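S.K.: Data: query_6.csv, CSV, C-alpha atoms.
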```
chain,number,residue,atom,x,y,z
A,727,MET,CA,-7.0,23.2,-37.6
A,728,THR,CA,-3.9,21.0,-37.5
A,729,THR,CA,-3.9,17.3,-38.6
A,730,LYS,CA,-3.4,16.2,-35.0
A,731,ALA,CA,-6.3,18.3,-33.8
A,732,ARG,CA,-8.6,16.8,-36.5
A,733,ALA,CA,-7.5,13.3,-35.6
A,734,PHE,CA,-8.2,13.9,-31.9
A,735,LEU,CA,-11.7,15.3,-32.6
A,736,THR,CA,-12.4,12.3,-34.8
A,737,GLY,CA,-11.5,10.1,-31.9
A,738,VAL,CA,-13.8,12.2,-29.6
A,739,ARG,CA,-16.7,11.9,-32.1
A,740,GLY,CA,-16.1,8.2,-32.4
A,741,ALA,CA,-16.3,7.8,-28.6
A,742,VAL,CA,-19.7,9.5,-28.3
A,743,PRO,CA,-21.8,6.3,-28.6
A,744,ILE,CA,-19.4,4.6,-26.1
A,745,ALA,CA,-19.7,7.5,-23.7
A,746,ALA,CA,-23.5,7.4,-24.0
A,747,GLY,CA,-23.5,3.8,-22.9
A,748,TYR,CA,-20.8,4.2,-20.3
A,749,VAL,CA,-22.4,6.9,-18.2
A,750,PRO,CA,-25.5,4.9,-17.1
A,751,ILE,CA,-23.4,1.8,-16.5
A,752,ALA,CA,-20.9,3.7,-14.4
A,753,PHE,CA,-23.7,5.4,-12.6
A,754,SER,CA,-25.1,1.9,-11.7
A,755,PHE,CA,-21.6,0.9,-10.5
A,756,GLY,CA,-21.4,4.0,-8.3
A,757,VAL,CA,-24.7,3.2,-6.8
A,758,ALA,CA,-23.7,-0.4,-6.2
A,759,ALA,CA,-20.5,0.8,-4.5
A,760,SER,CA,-22.5,3.1,-2.3
A,761,LYS,CA,-24.8,0.2,-1.3
A,762,LEU,CA,-21.7,-1.7,-0.2
A,763,GLY,CA,-20.7,1.1,2.1
A,764,LEU,CA,-17.9,2.7,0.0
A,765,THR,CA,-17.6,6.4,-0.1
A,766,ALA,CA,-17.9,8.4,-3.3
A,767,PHE,CA,-14.1,8.9,-3.3
A,768,GLU,CA,-13.4,5.2,-2.9
A,769,ALA,CA,-15.9,4.3,-5.7
A,770,PHE,CA,-14.3,7.0,-8.0
A,771,MET,CA,-10.8,5.6,-7.2
A,772,LEU,CA,-11.9,2.1,-8.2
A,773,SER,CA,-13.0,3.5,-11.6
A,774,LEU,CA,-9.9,5.6,-11.9
A,775,ILE,CA,-7.5,2.8,-11.3
A,776,ILE,CA,-9.2,-0.4,-12.4
A,777,TYR,CA,-11.4,0.9,-15.3
A,778,ALA,CA,-12.6,-2.5,-16.4
A,779,GLY,CA,-16.4,-2.3,-16.6
A,780,ALA,CA,-17.8,-5.7,-15.6
A,781,ALA,CA,-14.6,-6.5,-13.6
A,782,GLN,CA,-15.4,-3.5,-11.3
A,783,PHE,CA,-18.8,-5.1,-10.4
A,784,LEU,CA,-16.9,-8.3,-9.7
A,785,THR,CA,-14.6,-6.4,-7.5
A,786,LEU,CA,-17.5,-5.3,-5.4
A,787,ALA,CA,-18.8,-8.9,-5.2
A,788,LEU,CA,-15.3,-10.1,-4.1
A,789,LEU,CA,-15.1,-7.3,-1.4
A,790,ALA,CA,-18.6,-8.2,-0.2
A,791,SER,CA,-17.7,-11.9,0.1
A,792,GLY,CA,-14.6,-11.2,2.1
A,793,ALA,CA,-12.2,-12.7,-0.6
A,794,SER,CA,-8.5,-12.3,0.1
A,795,LEU,CA,-6.5,-9.6,-1.7
A,796,GLY,CA,-4.4,-12.2,-3.6
A,797,LEU,CA,-7.4,-14.1,-4.9
A,798,SER,CA,-9.2,-10.9,-5.9
A,799,ALA,CA,-6.2,-9.7,-7.8
A,800,LEU,CA,-5.7,-13.0,-9.6
A,801,THR,CA,-9.3,-13.2,-10.5
A,802,LEU,CA,-9.4,-9.7,-12.0
A,803,ILE,CA,-6.1,-10.2,-13.9
A,804,THR,CA,-7.4,-13.5,-15.4
A,805,MET,CA,-10.7,-12.0,-16.3
A,806,ASN,CA,-9.0,-9.1,-18.2
A,807,LEU,CA,-6.1,-11.0,-19.7
A,808,ARG,CA,-7.5,-10.4,-23.2
A,809,HIS,CA,-6.6,-6.7,-23.0
A,810,VAL,CA,-3.0,-7.6,-23.4
A,811,LEU,CA,-3.8,-8.4,-27.1
A,812,TYR,CA,-5.5,-5.1,-27.9
A,813,GLY,CA,-2.5,-2.8,-28.0
A,814,PRO,CA,-0.3,-4.9,-30.3
A,815,SER,CA,-3.2,-5.6,-32.6
A,816,LEU,CA,-3.8,-1.8,-33.2
A,817,LEU,CA,-0.1,-1.0,-33.4
A,818,GLY,CA,0.1,-3.5,-36.2
A,819,GLN,CA,-1.9,-1.0,-38.3
A,820,ALA,CA,0.5,1.8,-37.7
A,821,GLN,CA,2.7,3.0,-40.6
A,822,PRO,CA,6.4,2.0,-40.4
A,823,ALA,CA,7.4,5.6,-39.9
A,824,GLN,CA,5.1,6.0,-36.9
A,825,LYS,CA,6.8,5.6,-33.5
A,826,PRO,CA,4.4,4.9,-30.6
A,827,ARG,CA,5.6,7.4,-28.1
A,828,PHE,CA,2.4,7.6,-26.1
A,829,ALA,CA,1.2,4.0,-26.2
A,830,TRP,CA,1.3,3.9,-22.4
A,831,ALA,CA,-1.4,6.5,-22.3
A,832,TRP,CA,-4.0,5.4,-24.8
A,833,ALA,CA,-3.4,1.7,-24.2
A,834,PHE,CA,-4.7,2.1,-20.7
A,835,GLY,CA,-8.0,3.2,-22.2
A,836,LEU,CA,-8.4,0.1,-24.4
A,837,THR,CA,-11.6,-1.3,-23.1
A,838,ASP,CA,-13.6,-3.9,-25.2
A,839,GLU,CA,-15.8,-1.1,-26.6
A,840,VAL,CA,-12.9,1.3,-27.4
A,841,PHE,CA,-11.0,-1.5,-29.1
A,842,ALA,CA,-14.1,-2.5,-31.1
A,843,ALA,CA,-14.8,1.1,-32.2
A,844,ALA,CA,-11.2,1.7,-33.2
A,845,THR,CA,-11.1,-1.6,-35.1
A,846,ALA,CA,-14.4,-0.7,-36.9
A,847,ASP,CA,-13.2,2.7,-37.9
A,848,LEU,CA,-9.9,1.4,-39.2
A,849,ALA,CA,-11.4,-1.5,-41.0
A,850,GLN,CA,-14.0,0.7,-42.8
A,851,GLY,CA,-11.3,3.2,-43.8
A,852,LYS,CA,-12.9,6.1,-41.8
A,853,VAL,CA,-9.6,6.9,-40.2
A,854,THR,CA,-5.9,6.0,-40.4
A,855,PHE,CA,-4.2,4.9,-37.2
A,856,SER,CA,-2.7,7.6,-35.2
A,857,GLU,CA,-2.0,8.0,-31.5
A,858,THR,CA,-3.8,11.3,-31.4
A,859,TYR,CA,-7.0,9.6,-32.7
A,860,MET,CA,-6.6,6.9,-30.1
A,861,CYS,CA,-6.1,9.4,-27.3
A,862,GLY,CA,-9.3,11.2,-28.3
A,863,LEU,CA,-11.2,7.9,-28.4
A,864,ALA,CA,-9.8,6.6,-25.1
A,865,ILE,CA,-9.9,9.9,-23.1
A,866,THR,CA,-13.5,10.6,-23.9
A,867,SER,CA,-14.7,7.1,-23.0
A,868,TYR,CA,-12.6,7.1,-19.8
A,869,SER,CA,-14.0,10.5,-18.8
A,870,ALA,CA,-17.6,9.4,-19.3
A,871,TRP,CA,-16.9,6.3,-17.1
A,872,LEU,CA,-15.4,8.5,-14.3
A,873,LEU,CA,-18.3,11.0,-14.5
A,874,GLY,CA,-21.0,8.3,-14.3
A,875,THR,CA,-19.3,6.6,-11.4
A,876,LEU,CA,-19.0,9.9,-9.4
A,877,VAL,CA,-22.6,10.9,-10.0
A,878,GLY,CA,-23.9,7.4,-9.1
A,879,ALA,CA,-21.8,7.3,-5.9
A,880,LEU,CA,-22.9,10.8,-4.9
A,881,ALA,CA,-26.6,9.8,-5.6
A,882,GLY,CA,-26.2,7.1,-3.0
A,883,ALA,CA,-27.8,3.7,-2.4
A,884,THR,CA,-31.3,4.9,-2.8
A,885,ALA,CA,-30.9,6.2,-6.3
A,886,LEU,CA,-32.5,3.2,-8.1
A,887,GLN,CA,-34.6,1.6,-5.4
A,888,PHE,CA,-37.8,3.1,-6.8
A,889,SER,CA,-37.1,1.8,-10.3
A,890,PRO,CA,-36.1,-1.9,-10.3
A,891,MET,CA,-36.7,-2.2,-14.0
A,892,LEU,CA,-34.2,0.6,-14.8
A,893,ASP,CA,-31.7,-1.1,-12.4
A,894,ALA,CA,-32.0,-4.3,-14.3
A,895,ALA,CA,-31.8,-2.6,-17.7
A,896,LEU,CA,-28.6,-0.8,-16.7
A,897,GLY,CA,-26.9,-4.1,-16.1
A,898,PHE,CA,-27.5,-5.2,-19.7
A,899,MET,CA,-26.3,-2.0,-21.4
A,900,LEU,CA,-22.6,-2.8,-21.4
A,901,PRO,CA,-22.9,-6.2,-23.2
A,902,ALA,CA,-25.5,-4.6,-25.5
A,903,LEU,CA,-23.1,-1.8,-26.4
A,904,PHE,CA,-20.3,-4.2,-27.2
A,905,LEU,CA,-22.6,-6.4,-29.3
A,906,ALA,CA,-23.7,-3.4,-31.3
A,907,LEU,CA,-20.1,-2.4,-32.0
A,908,LEU,CA,-19.3,-6.0,-32.9
A,909,LEU,CA,-22.1,-6.2,-35.4
A,910,SER,CA,-21.0,-3.0,-37.1
A,911,ILE,CA,-17.8,-4.7,-38.3
A,912,LEU,CA,-19.2,-8.2,-38.8
A,913,GLN,CA,-18.4,-9.8,-42.1
A,914,ARG,CA,-19.6,-13.2,-43.5
A,915,ASP,CA,-16.3,-14.9,-43.3
A,916,GLN,CA,-16.0,-14.0,-39.6
A,917,ILE,CA,-19.2,-15.8,-38.6
A,918,PRO,CA,-17.5,-19.2,-38.1
A,919,VAL,CA,-14.8,-17.7,-35.9
A,920,ILE,CA,-17.4,-15.9,-33.7
A,921,GLY,CA,-19.4,-19.1,-33.6
A,922,VAL,CA,-16.5,-21.1,-32.2
A,923,ALA,CA,-15.7,-18.3,-29.7
A,924,VAL,CA,-19.3,-18.2,-28.5
A,925,LEU,CA,-19.6,-22.0,-28.3
A,926,MET,CA,-16.4,-22.4,-26.2
A,927,THR,CA,-17.5,-19.5,-24.0
A,928,VAL,CA,-20.8,-21.2,-23.3
A,929,LEU,CA,-19.3,-24.6,-22.7
A,930,GLY,CA,-16.6,-23.3,-20.4
A,931,THR,CA,-19.1,-21.3,-18.4
A,932,MET,CA,-21.5,-24.3,-18.1
A,933,PHE,CA,-18.9,-26.8,-17.0
A,934,ALA,CA,-16.4,-24.6,-15.1
A,935,SER,CA,-16.9,-20.9,-14.5
A,936,SER,CA,-17.5,-17.6,-16.3
A,937,THR,CA,-13.8,-16.8,-16.1
A,938,VAL,CA,-12.9,-20.2,-17.7
A,939,GLY,CA,-15.5,-19.7,-20.3
A,940,LEU,CA,-14.2,-16.2,-21.2
A,941,LEU,CA,-10.7,-17.5,-21.6
A,942,ALA,CA,-11.7,-20.6,-23.5
A,943,GLY,CA,-13.8,-18.5,-26.0
A,944,MET,CA,-11.0,-15.9,-26.4
A,945,LEU,CA,-8.2,-18.5,-27.0
A,946,CYS,CA,-10.2,-20.9,-29.2
A,947,GLY,CA,-11.7,-18.1,-31.2
A,948,ALA,CA,-8.2,-16.5,-31.8
A,949,LEU,CA,-6.6,-19.9,-32.7
A,950,PHE,CA,-9.5,-20.8,-35.1
A,951,GLY,CA,-9.3,-17.3,-36.7
A,952,ALA,CA,-5.5,-17.6,-37.1
A,953,LEU,CA,-5.9,-21.1,-38.7
A,954,ARG,CA,-8.5,-19.8,-41.2
A,955,PHE,CA,-6.3,-16.8,-42.0
A,956,ALA,CA,-3.3,-19.1,-42.6
A,957,GLN,CA,-5.4,-21.3,-45.0
A,958,LYS,CA,-6.4,-18.4,-47.2
A,959,PRO,CA,-4.7,-18.3,-50.5
A,960,ARG,CA,-2.2,-15.5,-50.8
A,961,VAL,CA,-2.4,-13.0,-53.6
A,962,ARG,CA,0.9,-13.1,-55.5
A,963,ASP,CA,2.5,-10.1,-57.0
A,964,ALA,CA,2.2,-9.8,-60.8
A,965,GLY,CA,5.9,-9.3,-61.1
```
Please express what this file holds, its structure, as structure tokens.

M.R.:
Amino acid sequence: MTTKARAFLTGVRGAVPIAAGYVPIAFSFGVAASKLGLTAFEAFMLSLIIYAGAAQFLTLALLASGASLGLSALTLITMNLRHVLYGPSLLGQAQPAQKPRFAWAWAFGLTDEVFAAATADLAQGKVTFSETYMCGLAITSYSAWLLGTLVGALAGATALQFSPMLDAALGFMLPALFLALLLSILQRDQIPVIGVAVLMTVLGTMFASSTVGLLAGMLCGALFGALRFAQKPRVRDAG
């Protein structure tokens, strides 16, 4: 087996927990889209093009409320603005000789969970950065989301009406999955940064909106983390 094939399979294996969480969530999205009156094809296309987890449920809410196209687009872009930082963060771990020829492909699949899984694997030394690994991780997760959406949409609006507890549980699986991935890479010196991010998210949500809270938590957490990193003493070369 070639090095690229091994790297791709490592990415596929790393995506298995994500895929296991994505299928039921996407199934729930497909059912919700069906309840709104969308066809299975329309629901599938939303997942194919947007592919943004919670933002897709927000899309359904905006469609149901009759929001304008411009307002809907602005809301979704603002909600997912954090994804702009994911690609450059991972590319920073590439070797100088590596040229990102296919960043446009795997960067599309950088959801919160995929980014967290890649960051964890790289931080723990399980893998070295390669585009082949990232493609295996992203494609497997993306395929699971599309499959779940299609099955849920085909199942129709009655799929979960006999199990309200299951319906409620599915809505919690996505944040639970991301929290589990976050805890897997948590270190003691990162706790204050996460605390600041959580606090600002809660305050922003309480006094403004969930979108403002998300942006406030992301920006304040990033700035506080950068400040702490800048204050750390540098290890000087012996020479």

S.K.: Pick out the residues sitting within 12 Å of Ala844 of chain A, and hand them over as a PyMOL selection string; count all atoms listed in the file, and ignore anything fewer than 6 positions along from it in its own chain.

M.R.: chain A and resi 736-741+744+812-813+815-817+819+832-833+835-838+850-857+859-864+907-908+910-911

S.K.: Can those selected residues be exported to a file as an mmCIF file, keeping the file's coordinate frame so that it contains C-alpha atoms?

M.R.:
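What ended up in again21.cif:
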```
data_model
loop_
_atom_site.group_PDB
_atom_site.id
_atom_site.type_symbol
_atom_site.label_atom_id
_atom_site.label_comp_id
_atom_site.auth_asym_id
_atom_site.auth_seq_id
_atom_site.Cartn_x
_atom_site.Cartn_y
_atom_site.Cartn_z
ATOM 1 C CA THR A 736 -12.400 12.300 -34.800
ATOM 2 C CA GLY A 737 -11.500 10.100 -31.900
ATOM 3 C CA VAL A 738 -13.800 12.200 -29.600
ATOM 4 C CA ARG A 739 -16.700 11.900 -32.100
ATOM 5 C CA GLY A 740 -16.100 8.200 -32.400
ATOM 6 C CA ALA A 741 -16.300 7.800 -28.600
ATOM 7 C CA ILE A 744 -19.400 4.600 -26.100
ATOM 8 C CA TYR A 812 -5.500 -5.100 -27.900
ATOM 9 C CA GLY A 813 -2.500 -2.800 -28.000
ATOM 10 C CA SER A 815 -3.200 -5.600 -32.600
ATOM 11 C CA LEU A 816 -3.800 -1.800 -33.200
ATOM 12 C CA LEU A 817 -0.100 -1.000 -33.400
ATOM 13 C CA GLN A 819 -1.900 -1.000 -38.300
ATOM 14 C CA TRP A 832 -4.000 5.400 -24.800
ATOM 15 C CA ALA A 833 -3.400 1.700 -24.200
ATOM 16 C CA GLY A 835 -8.000 3.200 -22.200
ATOM 17 C CA LEU A 836 -8.400 0.100 -24.400
ATOM 18 C CA THR A 837 -11.600 -1.300 -23.100
ATOM 19 C CA ASP A 838 -13.600 -3.900 -25.200
ATOM 20 C CA GLN A 850 -14.000 0.700 -42.800
ATOM 21 C CA GLY A 851 -11.300 3.200 -43.800
ATOM 22 C CA LYS A 852 -12.900 6.100 -41.800
ATOM 23 C CA VAL A 853 -9.600 6.900 -40.200
ATOM 24 C CA THR A 854 -5.900 6.000 -40.400
ATOM 25 C CA PHE A 855 -4.200 4.900 -37.200
ATOM 26 C CA SER A 856 -2.700 7.600 -35.200
ATOM 27 C CA GLU A 857 -2.000 8.000 -31.500
ATOM 28 C CA TYR A 859 -7.000 9.600 -32.700
ATOM 29 C CA MET A 860 -6.600 6.900 -30.100
ATOM 30 C CA CYS A 861 -6.100 9.400 -27.300
ATOM 31 C CA GLY A 862 -9.300 11.200 -28.300
ATOM 32 C CA LEU A 863 -11.200 7.900 -28.400
ATOM 33 C CA ALA A 864 -9.800 6.600 -25.100
ATOM 34 C CA LEU A 907 -20.100 -2.400 -32.000
ATOM 35 C CA LEU A 908 -19.300 -6.000 -32.900
ATOM 36 C CA SER A 910 -21.000 -3.000 -37.100
ATOM 37 C CA ILE A 911 -17.800 -4.700 -38.300
#
```

S.K.: Between atom CA of Phe753 of chain A and atom CA of Ala879 of chain A, what is the distance, to one decimal in Å?

M.R.: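 Between atom CA of Phe753 of chain A and atom CA of Ala879 of chain A the gap is 7.2 Å.
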
S.K.: Mind pulling up the distance from atom CA of Pro814 of chain A to atom CA of Arg827 of chain A?

M.R.: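 Going from atom CA of Arg827 of chain A over to atom CA of Pro814 of chain A covers 13.8 Å.
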
S.K.: To one decimal place in Å, what is the distance between atom CA of Val924 of chain A and atom CA of Arg808 of chain A?

M.R.: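 Result for atom CA of Val924 of chain A versus atom CA of Arg808 of chain A: 15.1 Å, one decimal.
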
S.K.: Extract, using all atoms listed in the file, all DNA, RNA and protein residues at most 12 Å from Met805 of chain A, discarding same-chain residues fewer than 2 positions from it, and format them as a PDB file with C-alpha atoms, in the coordinates of the input.

M.R.:
```pdb
ATOM      1  CA  ALA A 778     -12.600  -2.500 -16.400  1.00  0.00           C
ATOM      2  CA  GLY A 779     -16.400  -2.300 -16.600  1.00  0.00           C
ATOM      3  CA  ALA A 780     -17.800  -5.700 -15.600  1.00  0.00           C
ATOM      4  CA  ALA A 781     -14.600  -6.500 -13.600  1.00  0.00           C
ATOM      5  CA  GLN A 782     -15.400  -3.500 -11.300  1.00  0.00           C
ATOM      6  CA  LEU A 784     -16.900  -8.300  -9.700  1.00  0.00           C
ATOM      7  CA  THR A 785     -14.600  -6.400  -7.500  1.00  0.00           C
ATOM      8  CA  SER A 798      -9.200 -10.900  -5.900  1.00  0.00           C
ATOM      9  CA  ALA A 799      -6.200  -9.700  -7.800  1.00  0.00           C
ATOM     10  CA  LEU A 800      -5.700 -13.000  -9.600  1.00  0.00           C
ATOM     11  CA  THR A 801      -9.300 -13.200 -10.500  1.00  0.00           C
ATOM     12  CA  LEU A 802      -9.400  -9.700 -12.000  1.00  0.00           C
ATOM     13  CA  ILE A 803      -6.100 -10.200 -13.900  1.00  0.00           C
ATOM     14  CA  LEU A 807      -6.100 -11.000 -19.700  1.00  0.00           C
ATOM     15  CA  ARG A 808      -7.500 -10.400 -23.200  1.00  0.00           C
ATOM     16  CA  HIS A 809      -6.600  -6.700 -23.000  1.00  0.00           C
ATOM     17  CA  VAL A 810      -3.000  -7.600 -23.400  1.00  0.00           C
ATOM     18  CA  SER A 935     -16.900 -20.900 -14.500  1.00  0.00           C
ATOM     19  CA  SER A 936     -17.500 -17.600 -16.300  1.00  0.00           C
ATOM     20  CA  THR A 937     -13.800 -16.800 -16.100  1.00  0.00           C
ATOM     21  CA  VAL A 938     -12.900 -20.200 -17.700  1.00  0.00           C
ATOM     22  CA  GLY A 939     -15.500 -19.700 -20.300  1.00  0.00           C
ATOM     23  CA  LEU A 940     -14.200 -16.200 -21.200  1.00  0.00           C
ATOM     24  CA  LEU A 941     -10.700 -17.500 -21.600  1.00  0.00           C
ATOM     25  CA  ALA A 942     -11.700 -20.600 -23.500  1.00  0.00           C
ATOM     26  CA  MET A 944     -11.000 -15.900 -26.400  1.00  0.00           C
TER      27      MET A 944
END
```

S.K.: Counting all atoms listed in the file, which of A:Ala831, A:Ala843, A:Arg732, A:Leu880 gets nearest to Val757 of chain A?

M.R.: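 Of A:Ala831, A:Ala843, A:Arg732, A:Leu880, the one nearest Val757 of chain A, counting all atoms listed in the file, is A:Leu880.
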
S.K.: Take the point (-15.2, 10.6, -4.8) in the file's coordinates, draw a sphere of radius 9 Å around it, and report as a VMD selection string every protein, DNA or RNA residue with an atom inside or on it, counting all atoms listed in the file.

M.R.: chain A and resid 765 to 771 875 to 876 879 to 880

S.K.: Which residue out of A:Ile865, A:Thr858, A:Met926, A:Thr931 has the minimum interatomic distance to Thr729 of chain A when only C-alpha atoms are used?

M.R.: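 Using only C-alpha atoms, the shortest distance to Thr729 of chain A belongs to A:Thr858.
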
S.K.: Give the answer as one residue: which of A:Phe841, A:Gly882, A:Leu945, A:Thr804 has the shortest atom-to-atom distance to Ser867 of chain A, using only C-alpha atoms?

M.R.: A:Phe841

S.K.: Every residue with an atom at most 8 Å from (-20.5, 2.9, -20.8) (file coordinates; all atoms listed in the file) is what I'm after, so could you write them as a PDB file with C-alpha atoms, in the coordinates of the input?

M.R.:
```
ATOM      1  CA  ILE A 744     -19.400   4.600 -26.100  1.00  0.00           C
ATOM      2  CA  ALA A 745     -19.700   7.500 -23.700  1.00  0.00           C
ATOM      3  CA  ALA A 746     -23.500   7.400 -24.000  1.00  0.00           C
ATOM      4  CA  GLY A 747     -23.500   3.800 -22.900  1.00  0.00           C
ATOM      5  CA  TYR A 748     -20.800   4.200 -20.300  1.00  0.00           C
ATOM      6  CA  VAL A 749     -22.400   6.900 -18.200  1.00  0.00           C
ATOM      7  CA  PRO A 750     -25.500   4.900 -17.100  1.00  0.00           C
ATOM      8  CA  ILE A 751     -23.400   1.800 -16.500  1.00  0.00           C
ATOM      9  CA  ALA A 752     -20.900   3.700 -14.400  1.00  0.00           C
ATOM     10  CA  GLY A 779     -16.400  -2.300 -16.600  1.00  0.00           C
ATOM     11  CA  SER A 867     -14.700   7.100 -23.000  1.00  0.00           C
ATOM     12  CA  ALA A 870     -17.600   9.400 -19.300  1.00  0.00           C
ATOM     13  CA  TRP A 871     -16.900   6.300 -17.100  1.00  0.00           C
ATOM     14  CA  MET A 899     -26.300  -2.000 -21.400  1.00  0.00           C
ATOM     15  CA  LEU A 900     -22.600  -2.800 -21.400  1.00  0.00           C
ATOM     16  CA  LEU A 903     -23.100  -1.800 -26.400  1.00  0.00           C
TER      17      LEU A 903
END
```

S.K.: For Gly878 of chain A, which of A:Leu735, A:Ile776, A:Leu953, A:Ala759 is the closest residue, counting all atoms listed in the file?

M.R.: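 Comparing A:Leu735, A:Ile776, A:Leu953, A:Ala759 against Gly878 of chain A, the winner is A:Ala759.
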
S.K.: Export N, CA and C atoms of segment 862-874 of chain A from the structure just given, as a short mmCIF file (atom, residue, chain, number, x, y, z; two decimals), in the first residue's frame?

M.R.:
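What landed in selection.cif:
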```cif
data_model
loop_
_atom_site.label_atom_id
_atom_site.label_comp_id
_atom_site.auth_asym_id
_atom_site.auth_seq_id
_atom_site.Cartn_x
_atom_site.Cartn_y
_atom_site.Cartn_z
N GLY A 862 -9.51 12.05 3.13
CA GLY A 862 -10.16 10.87 3.71
C GLY A 862 -11.09 11.24 4.84
N LEU A 863 -10.65 12.16 5.69
CA LEU A 863 -11.44 12.62 6.83
C LEU A 863 -12.68 13.38 6.36
N ALA A 864 -12.48 14.30 5.42
CA ALA A 864 -13.58 15.17 4.98
C ALA A 864 -14.60 14.43 4.12
N ILE A 865 -14.13 13.61 3.19
CA ILE A 865 -15.04 12.92 2.28
C ILE A 865 -15.93 11.93 3.01
N THR A 866 -15.35 11.20 3.97
CA THR A 866 -16.13 10.23 4.73
C THR A 866 -17.22 10.92 5.54
N SER A 867 -16.88 12.01 6.19
CA SER A 867 -17.85 12.75 6.99
C SER A 867 -18.95 13.35 6.10
N TYR A 868 -18.55 13.92 4.99
CA TYR A 868 -19.50 14.53 4.04
C TYR A 868 -20.46 13.48 3.49
N SER A 869 -19.93 12.33 3.15
CA SER A 869 -20.77 11.25 2.60
C SER A 869 -21.80 10.78 3.63
N ALA A 870 -21.39 10.70 4.90
CA ALA A 870 -22.31 10.28 5.95
C ALA A 870 -23.44 11.29 6.11
N TRP A 871 -23.10 12.58 6.03
CA TRP A 871 -24.13 13.62 6.15
C TRP A 871 -25.12 13.54 4.99
N LEU A 872 -24.62 13.35 3.79
CA LEU A 872 -25.49 13.25 2.62
C LEU A 872 -26.38 12.02 2.70
N LEU A 873 -25.82 10.90 3.13
CA LEU A 873 -26.59 9.67 3.25
C LEU A 873 -27.71 9.83 4.27
N GLY A 874 -27.38 10.38 5.43
CA GLY A 874 -28.40 10.57 6.46
C GLY A 874 -29.51 11.49 6.01
#
```
